[in-house]
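One file, protein-v1.tsv, is given below (TSV, C-alpha atoms).
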```tsv
chain	number	residue	atom	x	y	z
A	221	MET	CA	-66.76	-21.48	62.92
A	222	THR	CA	-67.45	-24.02	60.16
A	223	ARG	CA	-65.73	-21.94	57.50
A	224	ALA	CA	-62.78	-21.27	59.80
A	225	LEU	CA	-62.35	-25.01	60.39
A	226	LEU	CA	-62.41	-25.77	56.68
A	227	GLU	CA	-59.86	-23.04	56.00
A	228	ALA	CA	-57.66	-24.37	58.82
A	229	MET	CA	-57.69	-27.81	57.18
A	230	PHE	CA	-56.69	-26.26	53.85
A	231	HIS	CA	-53.79	-24.41	55.46
A	232	ALA	CA	-52.68	-27.57	57.32
A	233	ALA	CA	-52.58	-29.40	54.00
A	234	VAL	CA	-50.51	-26.63	52.41
A	235	ALA	CA	-48.13	-26.45	55.37
A	236	GLN	CA	-47.41	-30.18	55.13
A	237	ALA	CA	-46.19	-29.68	51.55
A	238	GLN	CA	-43.91	-26.70	52.18
A	239	PRO	CA	-40.49	-27.16	50.51
A	240	ALA	CA	-38.59	-25.68	53.47
A	241	LEU	CA	-39.17	-28.91	55.40
A	242	ALA	CA	-39.51	-31.41	52.58
A	243	VAL	CA	-36.27	-30.57	50.73
A	244	LYS	CA	-34.13	-30.75	53.87
A	245	ARG	CA	-35.28	-34.33	54.54
A	246	HIS	CA	-34.23	-35.60	51.10
A	247	LEU	CA	-30.83	-34.15	50.21
A	248	PRO	CA	-28.79	-36.25	47.72
A	249	ASP	CA	-25.24	-37.44	48.39
A	250	ARG	CA	-22.48	-34.90	47.82
A	251	PRO	CA	-20.61	-35.23	44.51
A	252	ARG	CA	-16.86	-35.11	43.92
A	253	GLY	CA	-17.39	-32.35	41.39
A	254	ARG	CA	-19.83	-29.48	40.94
A	255	THR	CA	-23.41	-29.21	42.20
A	256	VAL	CA	-25.71	-27.64	39.61
A	257	VAL	CA	-29.34	-26.90	40.50
A	258	ILE	CA	-32.04	-26.56	37.86
A	259	GLY	CA	-35.79	-26.59	38.28
A	260	ALA	CA	-39.23	-25.64	37.05
A	261	GLY	CA	-42.66	-25.30	38.60
A	262	LYS	CA	-44.82	-23.24	40.89
A	263	ALA	CA	-42.87	-24.40	43.96
A	264	SER	CA	-39.42	-24.51	42.36
A	265	ALA	CA	-38.16	-21.16	43.69
A	266	GLN	CA	-39.10	-22.10	47.26
A	267	MET	CA	-37.45	-25.47	46.71
A	268	ALA	CA	-34.30	-23.71	45.48
A	269	ARG	CA	-34.19	-21.48	48.56
A	270	ALA	CA	-34.68	-24.48	50.82
A	271	PHE	CA	-31.90	-26.37	49.02
A	272	GLU	CA	-29.49	-23.44	49.36
A	273	ASP	CA	-30.23	-23.21	53.08
A	274	ALA	CA	-29.69	-26.94	53.64
A	275	TRP	CA	-26.76	-27.69	51.30
A	276	ASP	CA	-23.27	-27.69	52.77
A	277	GLY	CA	-21.24	-26.50	49.82
A	278	PRO	CA	-21.24	-24.24	46.76
A	279	VAL	CA	-24.03	-24.50	44.20
A	280	SER	CA	-24.99	-22.76	41.00
A	281	GLY	CA	-27.88	-23.04	38.62
A	282	LEU	CA	-31.14	-21.70	37.25
A	283	VAL	CA	-34.77	-22.25	38.21
A	284	VAL	CA	-37.92	-20.99	36.48
A	285	THR	CA	-41.21	-20.35	38.29
A	286	ARG	CA	-44.51	-18.63	37.60
A	287	TYR	CA	-44.80	-14.84	37.62
A	288	GLY	CA	-45.24	-13.71	41.22
A	289	TYR	CA	-43.82	-16.91	42.72
A	290	ALA	CA	-40.13	-15.96	42.94
A	291	GLU	CA	-38.07	-16.41	46.09
A	292	ALA	CA	-34.77	-14.65	46.77
A	293	CYS	CA	-31.73	-16.94	46.45
A	294	GLU	CA	-28.03	-16.14	46.75
A	295	GLN	CA	-26.41	-18.70	44.44
A	296	ILE	CA	-29.25	-20.03	42.29
A	297	GLU	CA	-30.76	-17.68	39.71
A	298	ILE	CA	-34.55	-17.46	39.76
A	299	VAL	CA	-36.46	-16.36	36.67
A	300	GLU	CA	-40.20	-16.04	36.11
A	301	ALA	CA	-42.37	-17.02	33.17
A	302	ALA	CA	-46.02	-17.48	32.21
A	303	HIS	CA	-48.40	-20.23	33.27
A	304	PRO	CA	-50.56	-21.96	32.04
A	305	VAL	CA	-49.82	-20.75	28.48
A	306	PRO	CA	-46.03	-20.50	27.81
A	307	ASP	CA	-44.33	-17.23	26.88
A	308	GLU	CA	-41.00	-15.96	25.57
A	309	ALA	CA	-39.51	-15.77	29.08
A	310	GLY	CA	-40.14	-19.49	29.61
A	311	PHE	CA	-38.77	-20.27	26.16
A	312	LEU	CA	-35.50	-18.46	26.99
A	313	ALA	CA	-35.34	-20.06	30.44
A	314	ALA	CA	-35.71	-23.57	28.99
A	315	ARG	CA	-32.90	-22.91	26.54
A	316	ARG	CA	-30.65	-21.57	29.30
A	317	ILE	CA	-31.39	-24.57	31.52
A	318	MET	CA	-30.37	-26.93	28.74
A	319	GLU	CA	-27.14	-24.94	28.35
A	320	THR	CA	-26.58	-25.01	32.13
A	321	VAL	CA	-26.42	-28.82	32.22
A	322	SER	CA	-24.29	-29.15	29.07
A	323	GLY	CA	-20.65	-30.21	29.28
A	324	LEU	CA	-20.81	-31.72	32.77
A	325	SER	CA	-18.73	-34.70	33.87
A	326	ALA	CA	-19.51	-37.95	35.67
A	327	ASP	CA	-18.22	-36.34	38.88
A	328	ASP	CA	-20.86	-33.62	38.78
A	329	LEU	CA	-24.34	-33.61	40.30
A	330	VAL	CA	-27.45	-32.05	38.80
A	331	VAL	CA	-30.24	-31.46	41.31
A	332	ALA	CA	-33.57	-31.07	39.52
A	333	LEU	CA	-36.26	-29.33	41.59
A	334	ILE	CA	-39.53	-30.18	39.88
A	335	SER	CA	-43.09	-29.21	40.79
A	336	GLY	CA	-46.45	-28.78	39.13
A	337	GLY	CA	-46.67	-26.11	36.45
A	338	GLY	CA	-43.27	-26.92	35.02
A	339	SER	CA	-44.71	-28.11	31.71
A	340	ALA	CA	-45.85	-24.61	30.76
A	341	LEU	CA	-42.77	-22.97	32.29
A	342	LEU	CA	-40.37	-25.02	30.14
A	343	PRO	CA	-41.49	-24.43	26.56
A	344	ALA	CA	-38.86	-25.93	24.30
A	345	PRO	CA	-40.45	-26.68	20.92
A	346	ALA	CA	-39.24	-29.70	19.01
A	347	PRO	CA	-37.29	-29.07	15.78
A	348	GLY	CA	-39.66	-27.66	13.18
A	349	LEU	CA	-42.03	-26.14	15.74
A	350	THR	CA	-42.20	-22.58	17.12
A	351	LEU	CA	-43.18	-21.06	20.45
A	352	ASP	CA	-46.47	-20.06	18.82
A	353	ASP	CA	-47.05	-23.73	18.01
A	354	GLU	CA	-46.38	-24.77	21.59
A	355	GLN	CA	-48.75	-22.09	22.89
A	356	ALA	CA	-51.46	-23.31	20.53
A	357	ILE	CA	-50.88	-26.90	21.65
A	358	ASN	CA	-51.21	-25.88	25.31
A	359	ARG	CA	-54.42	-23.96	24.67
A	360	ALA	CA	-55.89	-26.93	22.86
A	361	LEU	CA	-54.97	-29.26	25.73
A	362	LEU	CA	-56.33	-26.93	28.42
A	363	ALA	CA	-59.69	-26.70	26.65
A	364	SER	CA	-59.92	-30.43	25.88
A	365	GLY	CA	-60.93	-31.86	29.24
A	366	ALA	CA	-58.16	-34.47	28.94
A	367	PRO	CA	-56.62	-35.78	32.21
A	368	ILE	CA	-53.15	-34.57	33.15
A	369	SER	CA	-51.54	-37.90	32.18
A	370	VAL	CA	-52.87	-37.57	28.64
A	371	MET	CA	-51.90	-33.91	28.39
A	372	ASN	CA	-48.34	-34.66	29.46
A	373	LEU	CA	-47.95	-37.57	27.05
A	374	ILE	CA	-49.05	-35.35	24.17
A	375	ARG	CA	-46.91	-32.38	25.29
A	376	ASN	CA	-43.93	-34.70	25.44
A	377	GLN	CA	-44.12	-35.40	21.70
A	378	PHE	CA	-43.60	-31.73	20.84
A	379	SER	CA	-40.81	-30.88	23.29
A	380	SER	CA	-37.04	-30.94	23.22
A	381	ILE	CA	-36.72	-30.85	27.04
A	382	LYS	CA	-39.55	-32.97	28.51
A	383	GLY	CA	-39.83	-36.75	28.84
A	384	GLY	CA	-36.27	-37.25	30.14
A	385	ARG	CA	-34.60	-35.16	27.44
A	386	LEU	CA	-33.09	-32.79	30.04
A	387	ALA	CA	-31.44	-35.74	31.83
A	388	ARG	CA	-30.08	-36.92	28.49
A	389	GLN	CA	-28.56	-33.47	27.98
A	390	ALA	CA	-26.96	-33.60	31.46
A	391	SER	CA	-25.37	-37.03	30.96
A	392	PRO	CA	-22.87	-38.27	32.12
A	393	ALA	CA	-23.56	-36.19	35.26
A	394	ARG	CA	-25.67	-37.84	37.96
A	395	VAL	CA	-29.17	-36.36	38.21
A	396	ALA	CA	-31.07	-36.30	41.51
A	397	THR	CA	-34.68	-35.21	41.00
A	398	LEU	CA	-36.74	-33.93	43.93
A	399	VAL	CA	-40.45	-33.76	43.14
A	400	VAL	CA	-43.36	-31.94	44.73
A	401	SER	CA	-46.15	-33.97	43.15
A	402	ASP	CA	-49.34	-32.41	41.84
A	403	VAL	CA	-50.55	-35.37	39.80
A	404	PRO	CA	-53.05	-38.10	40.72
A	405	GLY	CA	-51.19	-41.19	41.82
A	406	ASP	CA	-47.92	-39.28	42.29
A	407	ASP	CA	-46.18	-40.67	39.21
A	408	PRO	CA	-43.09	-38.37	39.16
A	409	ALA	CA	-42.73	-38.76	35.39
A	410	LEU	CA	-46.00	-36.87	34.97
A	411	VAL	CA	-45.02	-33.86	37.11
A	412	ALA	CA	-44.00	-31.04	34.76
A	413	SER	CA	-43.97	-33.67	32.01
A	414	GLY	CA	-40.86	-35.25	33.52
A	415	PRO	CA	-37.92	-33.25	32.10
A	416	THR	CA	-35.46	-35.57	33.87
A	417	ILE	CA	-37.61	-38.72	33.96
A	418	PRO	CA	-38.60	-40.95	31.03
A	419	LEU	CA	-42.33	-40.88	30.39
A	420	ALA	CA	-44.27	-44.07	29.71
A	421	GLY	CA	-46.31	-44.05	26.52
A	422	THR	CA	-45.64	-44.28	22.82
A	423	ARG	CA	-46.03	-41.93	19.88
A	424	GLU	CA	-48.86	-44.16	18.65
A	425	LEU	CA	-50.69	-43.74	21.97
A	426	ALA	CA	-50.25	-39.98	21.79
A	427	ARG	CA	-51.79	-40.01	18.30
A	428	LYS	CA	-54.73	-42.03	19.61
A	429	TYR	CA	-55.39	-39.59	22.45
A	430	ALA	CA	-55.04	-36.54	20.21
A	431	ASN	CA	-57.80	-37.97	18.03
A	432	LEU	CA	-59.91	-39.06	20.98
A	433	TYR	CA	-59.95	-35.55	22.46
A	434	ARG	CA	-60.25	-33.93	19.02
A	435	LEU	CA	-57.29	-31.64	19.55
A	436	ASP	CA	-57.02	-28.73	17.17
A	437	LEU	CA	-53.26	-28.84	16.63
A	438	PRO	CA	-51.13	-26.55	14.42
A	439	PRO	CA	-50.16	-28.02	11.03
A	440	HIS	CA	-46.48	-28.59	11.93
A	441	ALA	CA	-47.52	-30.34	15.15
A	442	HIS	CA	-49.88	-32.60	13.20
A	443	ALA	CA	-47.03	-33.51	10.86
A	444	LEU	CA	-44.62	-34.28	13.71
A	445	LEU	CA	-47.21	-36.40	15.54
A	446	ALA	CA	-47.83	-38.42	12.37
A	447	GLY	CA	-44.15	-39.36	12.07
A	448	GLU	CA	-41.38	-40.74	14.29
A	449	ASP	CA	-39.08	-37.73	14.70
A	450	ASN	CA	-38.13	-36.30	18.13
A	451	LEU	CA	-38.78	-39.51	20.06
A	452	ALA	CA	-38.01	-39.32	23.79
A	453	PRO	CA	-35.39	-41.56	25.45
A	454	LEU	CA	-36.75	-44.86	26.76
A	455	PRO	CA	-36.64	-45.81	30.47
A	456	GLU	CA	-33.92	-48.40	29.79
A	457	ASP	CA	-31.64	-45.80	28.20
A	458	ALA	CA	-28.19	-45.74	29.83
A	459	VAL	CA	-28.43	-41.98	30.45
A	460	PHE	CA	-30.76	-42.71	33.39
A	461	ALA	CA	-28.44	-45.21	35.09
A	462	GLY	CA	-27.38	-43.96	38.52
A	463	ASN	CA	-29.98	-41.20	38.63
A	464	SER	CA	-32.45	-40.90	41.51
A	465	VAL	CA	-36.02	-39.65	41.83
A	466	THR	CA	-37.66	-38.76	45.15
A	467	THR	CA	-41.19	-37.48	45.73
A	468	ILE	CA	-40.79	-35.17	48.73
A	469	ALA	CA	-44.36	-33.83	49.02
A	470	SER	CA	-47.71	-35.08	47.77
A	471	ALA	CA	-51.46	-34.80	48.13
A	472	ALA	CA	-51.57	-37.98	50.22
A	473	LEU	CA	-49.38	-36.48	52.94
A	474	SER	CA	-51.28	-33.20	52.87
A	475	LEU	CA	-54.67	-34.89	53.23
A	476	GLU	CA	-53.37	-36.81	56.25
A	477	ALA	CA	-52.38	-33.50	57.87
A	478	ALA	CA	-55.87	-32.08	57.29
A	479	ALA	CA	-57.46	-35.25	58.67
A	480	GLU	CA	-55.36	-35.05	61.81
A	481	LEU	CA	-56.47	-31.46	62.41
A	482	ALA	CA	-60.15	-32.40	62.00
A	483	ARG	CA	-59.86	-35.33	64.39
A	484	GLY	CA	-58.26	-33.00	66.92
A	485	GLN	CA	-61.51	-31.02	66.78
A	486	GLY	CA	-63.61	-34.13	67.44
A	487	ILE	CA	-64.66	-34.61	63.81
A	488	GLU	CA	-63.99	-37.89	62.04
A	489	ALA	CA	-62.17	-37.56	58.71
A	490	ALA	CA	-62.60	-39.88	55.73
A	491	ILE	CA	-59.94	-39.59	53.03
A	492	LEU	CA	-61.78	-40.74	49.93
A	493	SER	CA	-58.82	-40.53	47.52
A	494	ASP	CA	-55.77	-38.42	46.80
A	495	SER	CA	-56.06	-39.03	43.05
A	496	ILE	CA	-59.56	-38.14	41.86
A	497	GLU	CA	-59.79	-37.18	38.20
A	498	GLY	CA	-62.64	-36.36	35.85
A	499	GLU	CA	-64.84	-33.39	34.99
A	500	SER	CA	-65.12	-31.05	37.97
A	501	ARG	CA	-68.91	-30.85	37.74
A	502	ASP	CA	-69.22	-34.64	37.50
A	503	VAL	CA	-66.99	-35.20	40.54
A	504	ALA	CA	-69.16	-32.67	42.39
A	505	GLN	CA	-72.30	-34.66	41.59
A	506	VAL	CA	-70.82	-37.84	43.03
A	507	LEU	CA	-69.49	-36.24	46.22
A	508	ALA	CA	-72.70	-34.26	46.71
A	509	ALA	CA	-74.71	-37.48	46.57
A	510	MET	CA	-72.48	-38.99	49.25
A	511	ALA	CA	-72.76	-35.88	51.42
A	512	ARG	CA	-76.56	-35.83	51.14
A	513	GLU	CA	-76.70	-39.52	52.09
A	514	ILE	CA	-74.70	-38.80	55.23
A	515	ALA	CA	-76.72	-35.68	56.07
A	516	VAL	CA	-80.10	-37.41	55.67
A	517	ARG	CA	-79.43	-41.06	56.55
A	518	ASN	CA	-76.15	-40.96	58.49
A	519	ARG	CA	-74.48	-43.44	56.14
A	520	PRO	CA	-71.97	-44.62	54.94
A	521	PHE	CA	-70.25	-42.43	57.57
A	522	SER	CA	-71.70	-41.11	60.81
A	523	LYS	CA	-71.96	-37.37	61.46
A	524	PRO	CA	-69.99	-35.28	62.14
A	525	VAL	CA	-67.52	-36.18	59.43
A	526	VAL	CA	-65.40	-34.41	56.85
A	527	LEU	CA	-64.86	-35.99	53.43
A	528	LEU	CA	-61.38	-35.20	52.15
A	529	SER	CA	-60.08	-35.72	48.63
A	530	GLY	CA	-57.36	-34.58	46.29
A	531	GLY	CA	-56.19	-35.10	42.74
A	532	GLU	CA	-56.75	-33.00	39.65
A	533	THR	CA	-60.13	-32.58	38.03
A	534	THR	CA	-60.61	-30.93	34.65
A	535	VAL	CA	-62.93	-28.40	33.06
A	536	THR	CA	-64.18	-28.61	29.50
A	537	LEU	CA	-64.88	-25.05	28.40
A	538	ARG	CA	-68.47	-24.66	27.28
A	539	GLY	CA	-69.13	-20.96	27.80
A	540	THR	CA	-67.37	-17.78	26.73
A	541	GLY	CA	-66.08	-15.05	28.99
A	542	GLY	CA	-66.25	-17.14	32.16
A	543	ARG	CA	-63.57	-16.86	34.83
A	544	GLY	CA	-62.29	-19.29	37.40
A	545	GLY	CA	-60.74	-22.71	37.70
A	546	ARG	CA	-61.50	-26.35	38.32
A	547	ASN	CA	-62.05	-25.97	42.09
A	548	GLY	CA	-64.48	-23.12	41.59
A	549	GLU	CA	-66.35	-25.15	38.98
A	550	PHE	CA	-66.48	-28.12	41.36
A	551	LEU	CA	-67.91	-25.95	44.13
A	552	LEU	CA	-70.48	-24.25	41.93
A	553	ALA	CA	-71.79	-27.65	40.79
A	554	LEU	CA	-71.70	-28.85	44.41
A	555	ALA	CA	-73.67	-25.81	45.60
A	556	ILE	CA	-76.40	-26.59	43.06
A	557	ALA	CA	-76.48	-30.26	44.11
A	558	ILE	CA	-76.79	-29.52	47.88
A	559	ASP	CA	-79.17	-26.59	47.48
A	560	GLY	CA	-81.35	-26.38	50.58
A	561	VAL	CA	-79.73	-29.29	52.43
A	562	GLU	CA	-78.86	-28.39	56.03
A	563	GLY	CA	-75.57	-29.25	57.68
A	564	ILE	CA	-73.33	-29.51	54.59
A	565	SER	CA	-70.50	-27.06	53.92
A	566	ALA	CA	-67.43	-27.37	51.73
A	567	LEU	CA	-64.18	-25.74	50.70
A	568	ALA	CA	-62.05	-26.56	47.69
A	569	GLY	CA	-58.87	-24.91	46.52
A	570	ASP	CA	-55.67	-25.33	44.58
A	571	THR	CA	-52.82	-25.78	47.04
A	572	ASP	CA	-50.61	-23.43	45.02
A	573	GLY	CA	-52.98	-20.58	45.91
A	574	ILE	CA	-54.25	-19.89	42.38
A	575	ASP	CA	-57.29	-21.67	40.95
A	576	GLY	CA	-57.36	-21.09	37.22
A	577	SER	CA	-57.50	-17.63	35.72
A	578	GLU	CA	-57.90	-15.33	38.74
A	579	ASP	CA	-56.21	-14.61	42.08
A	580	ASN	CA	-58.18	-16.94	44.38
A	581	ALA	CA	-57.22	-20.38	45.62
A	582	GLY	CA	-60.81	-21.59	45.62
A	583	ALA	CA	-64.07	-20.84	47.40
A	584	TYR	CA	-66.53	-21.87	50.10
A	585	VAL	CA	-70.09	-23.21	49.76
A	586	ASP	CA	-72.92	-24.55	51.90
A	587	GLY	CA	-76.57	-25.52	51.48
A	588	GLN	CA	-77.60	-21.86	51.19
A	589	THR	CA	-75.03	-20.79	48.57
A	590	ALA	CA	-77.38	-21.24	45.62
A	591	THR	CA	-80.01	-19.14	47.41
A	592	ARG	CA	-77.48	-16.38	48.10
A	593	LEU	CA	-76.47	-16.39	44.44
A	594	ARG	CA	-80.05	-16.04	43.28
A	595	LYS	CA	-80.61	-13.16	45.72
A	596	ALA	CA	-77.54	-11.49	44.18
A	597	GLY	CA	-79.14	-11.79	40.76
A	598	ILE	CA	-77.03	-14.75	39.62
A	599	ASP	CA	-78.59	-17.96	38.34
A	600	PRO	CA	-76.11	-20.67	39.46
A	601	LEU	CA	-77.08	-22.93	36.54
A	602	VAL	CA	-76.30	-20.16	34.05
A	603	ALA	CA	-72.99	-19.42	35.80
A	604	LEU	CA	-72.03	-23.08	35.62
A	605	ALA	CA	-72.98	-23.31	31.95
A	606	SER	CA	-70.76	-20.28	31.33
A	607	ASN	CA	-67.81	-21.67	33.37
A	608	ASP	CA	-68.01	-18.48	35.48
A	609	ALA	CA	-67.50	-19.78	39.00
A	610	TRP	CA	-65.23	-16.88	39.92
A	611	GLY	CA	-67.87	-14.32	38.96
A	612	ALA	CA	-70.49	-16.14	41.02
A	613	PHE	CA	-68.45	-16.54	44.20
A	614	SER	CA	-66.94	-13.08	43.95
A	615	ALA	CA	-70.43	-11.57	43.88
A	616	ILE	CA	-71.34	-13.10	47.26
A	617	GLY	CA	-67.94	-12.80	48.96
A	618	ASP	CA	-67.21	-16.51	49.19
A	619	LEU	CA	-63.84	-16.69	47.44
A	620	LEU	CA	-60.84	-18.20	49.24
A	621	VAL	CA	-57.89	-15.88	48.62
A	622	THR	CA	-54.49	-16.89	50.00
A	623	GLY	CA	-51.98	-15.64	47.44
A	624	PRO	CA	-49.22	-17.94	46.15
A	625	THR	CA	-48.45	-20.56	48.79
A	626	GLY	CA	-44.98	-21.64	47.65
A	627	THR	CA	-45.98	-25.24	47.01
A	628	ASN	CA	-48.31	-27.27	44.80
A	629	VAL	CA	-49.81	-30.69	45.49
A	630	ASN	CA	-52.93	-29.91	43.46
A	631	ASP	CA	-56.58	-29.86	44.48
A	632	PHE	CA	-57.78	-29.95	48.08
A	633	ARG	CA	-61.45	-30.65	48.76
A	634	ALA	CA	-63.15	-30.84	52.15
A	635	ILE	CA	-66.90	-31.46	52.61
A	636	LEU	CA	-68.04	-31.17	56.22
A	637	ILE	CA	-71.31	-32.77	57.32
A	638	ARG	CA	-72.41	-31.90	60.83
```

Could you take the file, read its structure, and then write that structure out as structure tokens?
Amino acid sequence: MTRALLEAMFHAAVAQAQPALAVKRHLPDRPRGRTVVIGAGKASAQMARAFEDAWDGPVSGLVVTRYGYAEACEQIEIVEAAHPVPDEAGFLAARRIMETVSGLSADDLVVALISGGGSALLPAPAPGLTLDDEQAINRALLASGAPISVMNLIRNQFSSIKGGRLARQASPARVATLVVSDVPGDDPALVASGPTIPLAGTRELARKYANLYRLDLPPHAHALLAGEDNLAPLPEDAVFAGNSVTTIASAALSLEAAAELARGQGIEAAILSDSIEGESRDVAQVLAAMAREIAVRNRPFSKPVVLLSGGETTVTLRGTGGRGGRNGEFLLALAIAIDGVEGISALAGDTDGIDGSEDNAGAYVDGQTATRLRKAGIDPLVALASNDAWGAFSAIGDLLVTGPTGTNVNDFRAILIR
């Protein structure tokens, strides 16, 4: 019953962020000229289908999504590419999208459907860089432990499409951007590195962060970062005048839906934050301490209660050969921290249905998880040191497998204390 309730809260959160409802509520004004749809991200194909169904008039365009995430559309072409490390398909899609918005007039409308994952799906190396360079940059960022805001600022320096450059290419057409946010704080410029939205932050700041996180960048990327070539348009640039940006789904709205479901079952819900960042294992330590305090001393919240949170944690790779993602790592660290404590159970998952490198959305733990792992011959501390959360939870049948959900508002975490 406990696991079923946690899974129901996860599915309620995902349902709240489904593009079929969100897109219809936020349609832009009709243009005098053409309507061209472009997009990128894990939810972009579902957003494109929803836009086609809701739009009263002809449309054309091209949207790129992750392999396995496509949705059939009649007028908008859907292509698939690799995530989280870019591939040739994404490279070609980015080039075609730039061509799609070229030569438009002030009477035309570009609808940009943007969701999480779009950074990797739109590889468009800056002049002097190659796709191999961009892949190496992405790998370095993914292994760095840097927060998503830092990763996007650095990615922006090496791209010819991100940081508002796509909107610059579409000018003088009006650009209406609809965003399914997967970033802490819901800054739309950070989602997919903001191809149609100017990104705050300077080249100098990007250099500082690259040094801080000791990024192993390719030689040509180092040279570009050291200079002032390929600068992105600034927010005050005239190309952005008249454009609009609307966040149509977010972690905040999804957590509210999960909280409402819990309260309907007689369980109080405390939304801690929709924008938690930091190392997954460190976040787990903090939330585990709070859960233990409630379980043992009934403070700062009274039992029964579910602690809900969202955002995007990170994983710094320490082991080799491990499998999984940030939600699995969070849960493995949590399982160790609540080992033997009665009345605590938790579920965490990526709302897009895929947590990291495998096919699961996340996993489930309780106070007996660490014991079950040891009985299965797995030392949870060794698994955590090896970043092998997937291997651990797979061995005891505690993975959460949903398949691609069609949306993406990032991490969902629920810790239930009865």

- atom CA of A:Arg592 to atom CA of A:Gly563, straight-line distance in Å: 16.2 Å

- Message: If we count all atoms listed in the file and set the cut-off at 12 Å, which residues sit around A:Phe230, ignoring sequence neighbours fewer than 6 positions away in its own chain? Please answer as a ChimeraX atom specification.
- Response: /A:223-224,236-237,471,474-482,528-530,566-573,581-584,620-622,625,629-635

Each residue of stretch 242-316 of chain A with at least one atom at most 12 Å from stretch 452-465 of chain A should appear once, together with its nearest atom pair and the corresponding distance in Å (one decimal); atoms considered: only C-alpha atoms; ordering: chain, then increasing residue number; output as a Markdown table.
```
| residue | atom | partner | partner_atom | distance |
| --- | --- | --- | --- | --- |
| A:His246 | CA | A:Val465 | CA | 10.3 |
| A:Leu247 | CA | A:Ser464 | CA | 11.1 |
| A:Pro248 | CA | A:Ser464 | CA | 8.6 |
| A:Asp249 | CA | A:Ser464 | CA | 10.5 |
```

- Item | Of the listed residues A:Ser264, A:Ser369, A:Asn518, A:Gln505, that which approaches A:Leu410 most closely, counting all atoms listed in the file | A:Ser369

- In Å, with one decimal, what is the gap from atom CA of A:Gly383 to atom CA of A:Val370?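 About the pair atom CA of A:Gly383 and atom CA of A:Val370: they are 13.1 Å apart.
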
10 Å contact set for A:Ile564, all atoms listed in the file, chain neighbours under 2 positions out, as an mmCIF file with C-alpha atoms, in the frame of the given file:
```
data_model
loop_
_atom_site.group_PDB
_atom_site.id
_atom_site.type_symbol
_atom_site.label_atom_id
_atom_site.label_comp_id
_atom_site.auth_asym_id
_atom_site.auth_seq_id
_atom_site.Cartn_x
_atom_site.Cartn_y
_atom_site.Cartn_z
ATOM 1 C CA THR A 222 -67.450 -24.020 60.160
ATOM 2 C CA ALA A 508 -72.700 -34.260 46.710
ATOM 3 C CA ALA A 511 -72.760 -35.880 51.420
ATOM 4 C CA ARG A 512 -76.560 -35.830 51.140
ATOM 5 C CA ILE A 514 -74.700 -38.800 55.230
ATOM 6 C CA ALA A 515 -76.720 -35.680 56.070
ATOM 7 C CA VAL A 526 -65.400 -34.410 56.850
ATOM 8 C CA ALA A 555 -73.670 -25.810 45.600
ATOM 9 C CA ILE A 558 -76.790 -29.520 47.880
ATOM 10 C CA ASP A 559 -79.170 -26.590 47.480
ATOM 11 C CA GLY A 560 -81.350 -26.380 50.580
ATOM 12 C CA VAL A 561 -79.730 -29.290 52.430
ATOM 13 C CA GLU A 562 -78.860 -28.390 56.030
ATOM 14 C CA ALA A 566 -67.430 -27.370 51.730
ATOM 15 C CA VAL A 585 -70.090 -23.210 49.760
ATOM 16 C CA ASP A 586 -72.920 -24.550 51.900
ATOM 17 C CA GLY A 587 -76.570 -25.520 51.480
ATOM 18 C CA GLN A 588 -77.600 -21.860 51.190
ATOM 19 C CA ILE A 635 -66.900 -31.460 52.610
ATOM 20 C CA LEU A 636 -68.040 -31.170 56.220
ATOM 21 C CA ILE A 637 -71.310 -32.770 57.320
ATOM 22 C CA ARG A 638 -72.410 -31.900 60.830
#
```

- Message: With distances taken over only C-alpha atoms, which residue among A:Ile556, A:Val234, A:Leu451, A:Val305 lies nearest A:Leu351?
- Response: A:Val305

- Give the answer as one residue: which of A:Asp352, A:Ala615, A:Pro239, A:Leu312 has the shortest atom-to-atom distance to A:Pro439, using only C-alpha atoms?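 For A:Pro439, the nearest of the candidates is A:Asp352.
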
- Message: Please report the interatomic distance between atom CA of A:Gln485 and atom CA of A:Thr589 in Å with one decimal.
- Response: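 Going from atom CA of A:Gln485 over to atom CA of A:Thr589, I get 24.9 Å.
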
- Measuring atom to atom with only C-alpha atoms, identify which of A:Thr591, A:Asn580, A:Ser391, A:Ser470 is nearest to A:Gly531. A:Ser470

- Residue among A:Pro524, A:Gly261, A:Gly281, A:Gly484 lying closest to A:Asp402, counting only C-alpha atoms: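 Smallest distance to A:Asp402 is found for A:Gly261.
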
- Using all atoms listed in the file, can you list as a PyMOL selection string the residues within 12 Å of (-68.6, -16.6, 39.9)? chain A and resi 541-545+547-553+555+577-578+580+582-585+589-590+593-594+596-619

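Each of A:Pro345, A:Gly421, A:Pro415, A:Pro404 was compared to A:Asn450 using all atoms listed in the file, and A:Pro345 turns out to be the nearest.
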
- Message: Using all atoms listed in the file and a cutoff of 8 Å, can you tell me which residues are near (-31.3, -29.7, 51.4) in the file's coordinates, and write them out as a ChimeraX atom specification?
- Response: /A:243-248,270-275

- Query: Any idea what's packed within 9 Å of A:Phe378, counting only C-alpha atoms, ignoring anything in its chain fewer than 5 positions away? Could you give it as an NGL selection string?
  - Reply: :A and (344-347 or 349 or 354 or 357 or 441 or 444-445 or 450)
